[in-house]
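Before any comments, here is the structure.
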Amino acid sequence: MSSPAHEVLKRVFGHDAFRGNQQAIVEHVTAGNDALVLMPTGGGKSLCYQVPALLREGCGIVISPLIALMQDQVEALRQLGVRAEFLNSTLDAENAGRVERALLEGSLDLLYVAPERLLTGRFLSLLERSRVALFAIDEAHCVSQWGHDFRPEYRQLTVLHERWPQVPRIALTATADPPTQREIAERLDLAQAEHFISSFDRPNIRYSVVQKDNARRQLLDFLRGRRGEAGIVYCLSRRKVEETAEMLRGEGLDALPYHAGLPAEVRAGNQRRFLREDGIVMCATIAFGMGIDKPDVRFVVHTDLPKSMEGYYQETGRAGRDGEPADAWLCYGLGDVVLLKQMIEQGDAGEERKQLERAKLDHLLGYCESMQCRRQVLLAGFGETYPRPCGNCDNCLTPPAAWDATVPAQKALSCVYRSGQRFGVGHLIDILRGSDTERMRQLGHDTLSTYGIGSDLDARSWRSVFRQLVAASLLEVDPDAHGGLRLTDASRDVLKGRRQLMMRRENPAASGRRDRTGSPRSGVAVQPEDLALFNALRGLRADLAREQNVPAFVIFHDSTLRNIAEQRPADVQALSRVGGIGGSKLARYGQQLVDLVRAQG
Ligand code: ADP
Ligand code: ZN
């Protein structure tokens, strides 16, 4: 703990040690070298350029497309006593002029700037007359035209290297796949730079997938043990977003909607409340998320299937950036599979594109239906091998049982065949279970040879069988018949008894509500005896945040408050040893915190 980097880490940020690759990156960049950094969300990318910017002479220029975030990022740095500013289109001329003068005078440590601003002749010439410590290119995957965040201006950032060859550049991204990585290196002229690639594992996120049978009850069960925690509930459609938010509010939860169809000011207002207040549940389409920098999101729920594994990884990655336990909970059923397959088949994309979308969906379904450790399946998708079962996913915690479903599968497939390959699952199950309904008699299906041959299984089990058959492409959705199922080439082997089928047995208790010990899981693990003090500290933090009109997490993270509640420092000196409190925050809030600890006994 003697190097200048460690000194800055402790004094300014209040952290005792670097994480993962951070130290190597900080030393590399501080010494004046270029770097390409791939790190998952929450891995701690910002320190990789913030610490070198403080150690090197001059101002660190941070290029980011996320204008909406800049103010909070800068605010968080100011709380630490760092001289930070931002320049983008939201700033009026007077304030922009003030920031520019500060840059010229050399009185800034870090300046956040949007790429289009950076590339103006005016700004580039301003840089010529200033002292630049480094260029940090955040969200570097925006340079890739294959990604969904493509920003043409990012292509022109090579100008930085041409005009300032001596100034180190560090490009950062949380986007995982190797082709994008190669494209970033090439487009930003970083092929010669050192590449720092971290594992994409997020060990604190617990992944669970449950079969949907009563979506509303299951969601409420999941949320029951999580009152007061912030989370995101993703829904496929705008309508469902609104309905879910209303339903949760009816249940007394602090839930808000977010989707692209809402007026801009409503969206901005809801996002702001989510960021600034504690414990808000945001019901949203995937329009919500890019650059959601809130560290204490305790859960991300998917009430519908996401579109791809990449999407799923990104969306769930918004949970637990602070490294504390967090949940990624996916609830899906046969209806979701049928809907997504239909959307692909009925879409007007070309055959090549459809092929790609089918492959992506199959990959995701493979993950959902897997009996293996979820983390292993997830990381394998990014070309990473996770050596052993993780112990922190539903399949590890409550291993699913496998059963030989060959005979039921044969019954299901032949029922599809006998009834003409055009009926949906509900009716097929009615045939198998021998339901005595008017419709059955009208269609003459009560005379089929498969009528009633499946009365040994209940409807829920049948739905599970059909879902797994569709997921395994042993049945396909007929795009022209409303959700009707038909056989595929692969079905024949099963029907002819040439292929055995093992299936996952649904675990009726797997609602995700409780962990193995049977106790509700609290996000940041606070001991019961510390809970009163922890909540009082949260109250103080909320007051401070309101007074200054900044998000609560900018002042202190939950983990810091938990450490204080545990250690109960008797004075400011003792408080300085609690992780997460640097010199500036100690001076600003130290006495208030100590007084509160004392008052609470
Ligand atoms: P990223 O940008 O990679 O998603 P951040 O830079 O926002 O991640 O960091 C994620 C969280 O981890 C932040 O809350 C930050 O304070 C915390 N953090 C980063 N590095 C450290 C460290 N060395 N020690 C403790 N906390 C850290
Ligand atoms: Zn696992």
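In the structure tokens, the first chain shown is A, the next is B, and so on; residue numbers restart at 1 for each chain, and ligands run from 1 in the order shown.
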
Report as a tab-separated table the residues of chain A within 9 Å of ligand 1, each with its shortest atom pair and distance in Å (one decimal), using only C-alpha atoms and all ligand atoms, ordered by chain and increasing residue number.
```
residue	atom	partner	partner_atom_place_in_ligand_line	distance
A:Leu9	CA	ligand 1	23 (N)	7.6
A:Phe13	CA	ligand 1	16 (O)	7.8
A:Gly14	CA	ligand 1	25 (C)	8.1
A:His15	CA	ligand 1	24 (N)	4.9
A:Asp16	CA	ligand 1	24 (N)	6.6
A:Ala17	CA	ligand 1	23 (N)	5.2
A:Phe18	CA	ligand 1	23 (N)	3.7
A:Arg19	CA	ligand 1	23 (N)	4.6
A:Gly20	CA	ligand 1	23 (N)	8.2
A:Gln22	CA	ligand 1	23 (N)	7.2
A:Gln23	CA	ligand 1	23 (N)	8.6
A:Leu38	CA	ligand 1	3 (O)	8.9
A:Met39	CA	ligand 1	3 (O)	6.1
A:Pro40	CA	ligand 1	3 (O)	6.0
A:Thr41	CA	ligand 1	4 (O)	3.6
A:Gly42	CA	ligand 1	4 (O)	3.4
A:Gly43	CA	ligand 1	3 (O)	4.1
A:Gly44	CA	ligand 1	6 (O)	3.4
A:Lys45	CA	ligand 1	3 (O)	3.7
A:Ser46	CA	ligand 1	6 (O)	3.8
A:Leu47	CA	ligand 1	6 (O)	5.8
A:Cys48	CA	ligand 1	6 (O)	7.9
A:Asp138	CA	ligand 1	2 (O)	8.9
A:Leu172	CA	ligand 1	3 (O)	8.6
A:Thr173	CA	ligand 1	3 (O)	8.1
A:Ala174	CA	ligand 1	3 (O)	7.1
A:Asp293	CA	ligand 1	7 (O)	6.7
A:Lys294	CA	ligand 1	7 (O)	8.3
A:Pro295	CA	ligand 1	14 (O)	5.4
A:Asp296	CA	ligand 1	14 (O)	8.2
A:Gly317	CA	ligand 1	4 (O)	8.9
A:Arg318	CA	ligand 1	4 (O)	8.5
A:Gly320	CA	ligand 1	11 (C)	8.7
A:Arg321	CA	ligand 1	10 (C)	5.2
A:Asp322	CA	ligand 1	14 (O)	4.5
A:Gly323	CA	ligand 1	12 (O)	6.5
A:Phe553	CA	ligand 1	14 (O)	8.5
A:His557	CA	ligand 1	14 (O)	7.1
A:Gly579	CA	ligand 1	25 (C)	7.7
A:Gly580	CA	ligand 1	25 (C)	6.9
```

May I have a table of the residues of chain A lying at most 6 Å from ligand 2, giving each one's closest pair of atoms and their distance in Å to one decimal, counting only C-alpha atoms and all ligand atoms, ordered by chain and ascending residue number, as JSON lines?
```
{"residue": "A:Cys373", "atom": "CA", "partner": "ligand 2", "partner_atom_place_in_ligand_line": "1 (Zn)", "distance": 3.7}
{"residue": "A:Arg374", "atom": "CA", "partner": "ligand 2", "partner_atom_place_in_ligand_line": "1 (Zn)", "distance": 5.0}
{"residue": "A:Arg375", "atom": "CA", "partner": "ligand 2", "partner_atom_place_in_ligand_line": "1 (Zn)", "distance": 5.2}
{"residue": "A:Pro389", "atom": "CA", "partner": "ligand 2", "partner_atom_place_in_ligand_line": "1 (Zn)", "distance": 4.8}
{"residue": "A:Cys390", "atom": "CA", "partner": "ligand 2", "partner_atom_place_in_ligand_line": "1 (Zn)", "distance": 3.9}
{"residue": "A:Gly391", "atom": "CA", "partner": "ligand 2", "partner_atom_place_in_ligand_line": "1 (Zn)", "distance": 4.8}
{"residue": "A:Asn392", "atom": "CA", "partner": "ligand 2", "partner_atom_place_in_ligand_line": "1 (Zn)", "distance": 5.1}
{"residue": "A:Cys393", "atom": "CA", "partner": "ligand 2", "partner_atom_place_in_ligand_line": "1 (Zn)", "distance": 4.3}
{"residue": "A:Asn395", "atom": "CA", "partner": "ligand 2", "partner_atom_place_in_ligand_line": "1 (Zn)", "distance": 5.9}
{"residue": "A:Cys396", "atom": "CA", "partner": "ligand 2", "partner_atom_place_in_ligand_line": "1 (Zn)", "distance": 4.5}
```

Determine, for each residue of range 301-391 of chain A having at least one atom at most 10 Å from an atom of range 215-219 of chain A, the closest pair of atoms and their separation in Å to one decimal, counting only C-alpha atoms; order by chain and ascending number, as a tab-separated table.
```
residue	atom	partner	partner_atom	distance
A:Val301	CA	A:Leu219	CA	8.6
A:His302	CA	A:Leu219	CA	9.7
A:Thr303	CA	A:Ala215	CA	7.5
A:Asp304	CA	A:Ala215	CA	9.7
A:Trp329	CA	A:Leu219	CA	9.6
A:Leu330	CA	A:Leu219	CA	9.9
A:Cys331	CA	A:Ala215	CA	7.5
A:Tyr332	CA	A:Ala215	CA	8.5
A:Gly333	CA	A:Ala215	CA	9.3
```

Legend entry - Of the listed residues A:Val113, A:Leu275, A:Ala587, A:Ala84, that which approaches Gly289 in chain A most closely, counting only C-alpha atoms: A:Leu275

I want to know what sits within 6 Å of range 153-168 of chain A, based on only C-alpha atoms, with residues of the same chain fewer than 2 positions away left out; could you give that as a PDB file with C-alpha atoms, in the first residue's frame?
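Printed below is selection26.pdb as written:
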```
ATOM      1  CA  GLY A  32       1.843   6.857 -20.696  1.00  0.00           C
ATOM      2  CA  ASN A  33       0.765   3.722 -22.597  1.00  0.00           C
ATOM      3  CA  ASP A  34      -2.397   2.948 -24.576  1.00  0.00           C
ATOM      4  CA  LEU A 134      -5.064  11.149 -21.086  1.00  0.00           C
ATOM      5  CA  VAL A 143     -17.392   2.438 -32.885  1.00  0.00           C
ATOM      6  CA  ARG A 151     -22.080   6.275 -33.238  1.00  0.00           C
ATOM      7  CA  LEU A 188      -9.598   3.185 -32.866  1.00  0.00           C
TER       8      LEU A 188
END
```

Inset, instruction - Please return as a PyMOL selection string: the residues of range 137-337 of chain A that backbone DSSP assigns to strand (DSSP E or B). - result: chain A and resi 137+169-173+194-197+205-211+230-234+255-258+281-284+297-302+326-332

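Proximity to Val210 in chain A was assessed for A:Glu384, A:Asp595, A:Glu128, A:Glu369 counting only C-alpha atoms; the smallest distance is recorded for A:Glu369.
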
Inset, instruction - Name all residues at most 10 Å from Ala536 in chain A (count only C-alpha atoms; drop same-chain ones fewer than 2 positions away) and give them as a list in words. - result: Leu531, Ala532, Leu533, Phe534, Arg538, Gly539, Leu540, Arg541, Ala542, Leu561, Ala565, Leu596, Val597 and Gln600 of chain A

Output N, CA, C and O atoms of each residue in that selection to a file, as an mmCIF file, in the first residue's frame.
```cif
data_model
loop_
_atom_site.group_PDB
_atom_site.id
_atom_site.type_symbol
_atom_site.label_atom_id
_atom_site.label_comp_id
_atom_site.auth_asym_id
_atom_site.auth_seq_id
_atom_site.Cartn_x
_atom_site.Cartn_y
_atom_site.Cartn_z
ATOM 1 N N LEU A 531 -29.692 -3.724 11.594
ATOM 2 C CA LEU A 531 -30.671 -3.221 10.637
ATOM 3 C C LEU A 531 -31.208 -1.841 11.020
ATOM 4 O O LEU A 531 -31.361 -0.968 10.162
ATOM 5 N N ALA A 532 -31.467 -1.617 12.300
ATOM 6 C CA ALA A 532 -32.037 -0.337 12.720
ATOM 7 C C ALA A 532 -31.070 0.795 12.402
ATOM 8 O O ALA A 532 -31.460 1.829 11.834
ATOM 9 N N LEU A 533 -29.802 0.580 12.716
ATOM 10 C CA LEU A 533 -28.804 1.622 12.438
ATOM 11 C C LEU A 533 -28.638 1.818 10.931
ATOM 12 O O LEU A 533 -28.547 2.946 10.443
ATOM 13 N N PHE A 534 -28.617 0.703 10.206
ATOM 14 C CA PHE A 534 -28.486 0.775 8.741
ATOM 15 C C PHE A 534 -29.619 1.625 8.160
ATOM 16 O O PHE A 534 -29.389 2.514 7.337
ATOM 17 N N ARG A 538 -29.473 5.173 6.188
ATOM 18 C CA ARG A 538 -30.098 5.390 4.886
ATOM 19 C C ARG A 538 -30.982 6.640 4.907
ATOM 20 O O ARG A 538 -31.028 7.386 3.936
ATOM 21 N N GLY A 539 -31.651 6.845 6.039
ATOM 22 C CA GLY A 539 -32.498 8.029 6.180
ATOM 23 C C GLY A 539 -31.660 9.301 6.102
ATOM 24 O O GLY A 539 -32.011 10.257 5.403
ATOM 25 N N LEU A 540 -30.516 9.293 6.804
ATOM 26 C CA LEU A 540 -29.620 10.450 6.773
ATOM 27 C C LEU A 540 -29.120 10.690 5.345
ATOM 28 O O LEU A 540 -29.096 11.818 4.851
ATOM 29 N N ARG A 541 -28.762 9.596 4.674
ATOM 30 C CA ARG A 541 -28.274 9.722 3.302
ATOM 31 C C ARG A 541 -29.357 10.331 2.395
ATOM 32 O O ARG A 541 -29.077 11.195 1.562
ATOM 33 N N ALA A 542 -30.612 9.877 2.588
ATOM 34 C CA ALA A 542 -31.703 10.412 1.769
ATOM 35 C C ALA A 542 -31.861 11.913 1.998
ATOM 36 O O ALA A 542 -32.066 12.684 1.047
ATOM 37 N N LEU A 561 -22.655 2.020 4.039
ATOM 38 C CA LEU A 561 -23.539 2.195 5.197
ATOM 39 C C LEU A 561 -23.587 0.911 6.035
ATOM 40 O O LEU A 561 -23.612 0.951 7.268
ATOM 41 N N ALA A 565 -22.635 0.458 9.918
ATOM 42 C CA ALA A 565 -23.568 -0.124 10.889
ATOM 43 C C ALA A 565 -22.927 -1.301 11.622
ATOM 44 O O ALA A 565 -23.189 -1.530 12.803
ATOM 45 N N LEU A 596 -24.725 10.131 14.496
ATOM 46 C CA LEU A 596 -25.869 9.235 14.328
ATOM 47 C C LEU A 596 -25.580 7.866 14.954
ATOM 48 O O LEU A 596 -26.435 7.285 15.629
ATOM 49 N N VAL A 597 -24.366 7.361 14.712
ATOM 50 C CA VAL A 597 -23.996 6.075 15.299
ATOM 51 C C VAL A 597 -24.106 6.144 16.823
ATOM 52 O O VAL A 597 -24.647 5.252 17.466
ATOM 53 N N GLN A 600 -27.724 6.267 18.115
ATOM 54 C CA GLN A 600 -28.422 4.981 17.998
ATOM 55 C C GLN A 600 -27.861 3.941 18.968
ATOM 56 O O GLN A 600 -28.308 2.801 18.972
#
```

Legend entry - Point-to-point distance in Å for CA of Cys283 in chain A and CA of Leu256 in chain A: 5.9 Å

Inset, instruction - Give the alpha helix (DSSP H) residues of range 288-378 of chain A, as assigned by DSSP on the backbone, as a ChimeraX atom specification. - result: /A:309-316,334-346,351-369,374-378

Residue subset to file, keeping C-alpha atoms, as a CSV table (one decimal), in the first residue's frame:
```csv
chain,number,residue,atom,x,y,z
A,309,MET,CA,-28.4,-14.2,-24.9
A,310,GLU,CA,-26.4,-11.0,-25.5
A,311,GLY,CA,-29.5,-9.0,-24.6
A,312,TYR,CA,-30.2,-11.0,-21.5
A,313,TYR,CA,-26.6,-10.6,-20.3
A,314,GLN,CA,-26.7,-6.9,-20.8
A,315,GLU,CA,-30.1,-6.4,-19.2
A,316,THR,CA,-29.3,-8.6,-16.2
A,334,LEU,CA,-44.6,-21.9,-23.6
A,335,GLY,CA,-46.6,-18.9,-24.6
A,336,ASP,CA,-43.4,-16.8,-24.8
A,337,VAL,CA,-41.7,-19.4,-27.0
A,338,VAL,CA,-44.7,-19.5,-29.4
A,339,LEU,CA,-44.9,-15.7,-29.5
A,340,LEU,CA,-41.2,-15.2,-30.2
A,341,LYS,CA,-41.1,-17.9,-32.8
A,342,GLN,CA,-44.1,-16.4,-34.5
A,343,MET,CA,-42.6,-12.9,-34.5
A,344,ILE,CA,-39.6,-14.3,-36.3
A,345,GLU,CA,-41.5,-16.3,-38.9
A,346,GLN,CA,-44.0,-13.6,-39.6
A,351,GLU,CA,-34.3,-15.7,-44.9
A,352,GLU,CA,-30.7,-15.2,-43.8
A,353,ARG,CA,-31.7,-12.8,-41.1
A,354,LYS,CA,-34.4,-15.1,-39.9
A,355,GLN,CA,-31.9,-18.0,-39.7
A,356,LEU,CA,-29.8,-15.8,-37.5
A,357,GLU,CA,-32.7,-14.9,-35.3
A,358,ARG,CA,-33.8,-18.5,-35.0
A,359,ALA,CA,-30.3,-19.5,-33.9
A,360,LYS,CA,-30.2,-16.7,-31.3
A,361,LEU,CA,-33.6,-17.8,-29.9
A,362,ASP,CA,-32.5,-21.4,-29.8
A,363,HIS,CA,-29.4,-20.5,-27.9
A,364,LEU,CA,-31.5,-18.6,-25.3
A,365,LEU,CA,-34.0,-21.5,-25.0
A,366,GLY,CA,-31.1,-23.8,-24.5
A,367,TYR,CA,-30.1,-21.7,-21.6
A,368,CYS,CA,-33.6,-21.6,-20.1
A,369,GLU,CA,-34.1,-25.4,-20.4
A,374,ARG,CA,-26.6,-21.4,-15.6
A,375,ARG,CA,-23.3,-19.5,-15.3
A,376,GLN,CA,-21.5,-22.2,-17.2
A,377,VAL,CA,-24.0,-22.0,-20.0
A,378,LEU,CA,-24.1,-18.2,-20.0
```

Legend entry - Exercise: range 49-52 of chain A partners within 7 Å, only C-alpha atoms, chain neighbours under 4 positions left out, as a ChimeraX atom specification: /A:5,8,26,29-30,56,136

Inset, instruction - Find the residues around His445 in chain A up to 9 Å (only C-alpha atoms counted), leave out those fewer than 6 positions away in its own chain, and share them as a PyMOL selection string. - result: chain A and resi 419+431+439+451

Kindly save the residues from that selection, with all heavy atoms included, as a short mmCIF file (atom, residue, chain, number, x, y, z; two decimals), in the first residue's frame.
```
data_model
loop_
_atom_site.label_atom_id
_atom_site.label_comp_id
_atom_site.auth_asym_id
_atom_site.auth_seq_id
_atom_site.Cartn_x
_atom_site.Cartn_y
_atom_site.Cartn_z
N SER A 419 -54.38 -34.81 -35.05
CA SER A 419 -55.38 -33.73 -35.07
C SER A 419 -55.13 -32.77 -36.23
O SER A 419 -55.79 -31.73 -36.33
CB SER A 419 -55.41 -32.99 -33.73
OG SER A 419 -54.13 -32.50 -33.42
N ILE A 431 -57.18 -32.81 -25.65
CA ILE A 431 -57.33 -34.13 -26.31
C ILE A 431 -56.63 -35.20 -25.48
O ILE A 431 -57.21 -36.25 -25.14
CB ILE A 431 -56.73 -34.12 -27.73
CG1 ILE A 431 -57.42 -33.07 -28.62
CG2 ILE A 431 -56.84 -35.52 -28.37
CD1 ILE A 431 -56.84 -32.95 -30.02
N ARG A 439 -66.64 -28.47 -27.85
CA ARG A 439 -65.74 -28.26 -28.99
C ARG A 439 -65.11 -29.59 -29.43
O ARG A 439 -64.95 -29.85 -30.62
CB ARG A 439 -64.65 -27.27 -28.54
CG ARG A 439 -63.62 -26.98 -29.64
CD ARG A 439 -62.98 -25.60 -29.45
NE ARG A 439 -62.17 -25.26 -30.61
CZ ARG A 439 -60.85 -25.19 -30.60
NH1 ARG A 439 -60.19 -25.43 -29.47
NH2 ARG A 439 -60.17 -24.89 -31.69
N TYR A 451 -57.06 -39.60 -28.04
CA TYR A 451 -57.99 -38.99 -27.06
C TYR A 451 -57.88 -39.72 -25.72
O TYR A 451 -58.06 -40.93 -25.65
CB TYR A 451 -59.42 -39.05 -27.61
CG TYR A 451 -60.45 -38.41 -26.70
CD1 TYR A 451 -60.54 -37.02 -26.60
CD2 TYR A 451 -61.31 -39.20 -25.94
CE1 TYR A 451 -61.47 -36.42 -25.77
CE2 TYR A 451 -62.26 -38.60 -25.10
CZ TYR A 451 -62.33 -37.20 -25.02
OH TYR A 451 -63.26 -36.61 -24.20
#
```

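Each of A:Arg298, A:His482, A:His427, A:Arg131 was compared to Gly106 in chain A using only C-alpha atoms, and A:Arg131 turns out to be the nearest.
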
Legend entry - Gap from CA of Asp92 in chain A to CA of Ile61 in chain A - Å, one decimal: 19.9 Å

Legend entry - Asp543 in chain A environment, 10 Å, only C-alpha atoms, sequence neighbours closer than 6 positions dropped, as a PyMOL selection string: chain A and resi 537+549+552
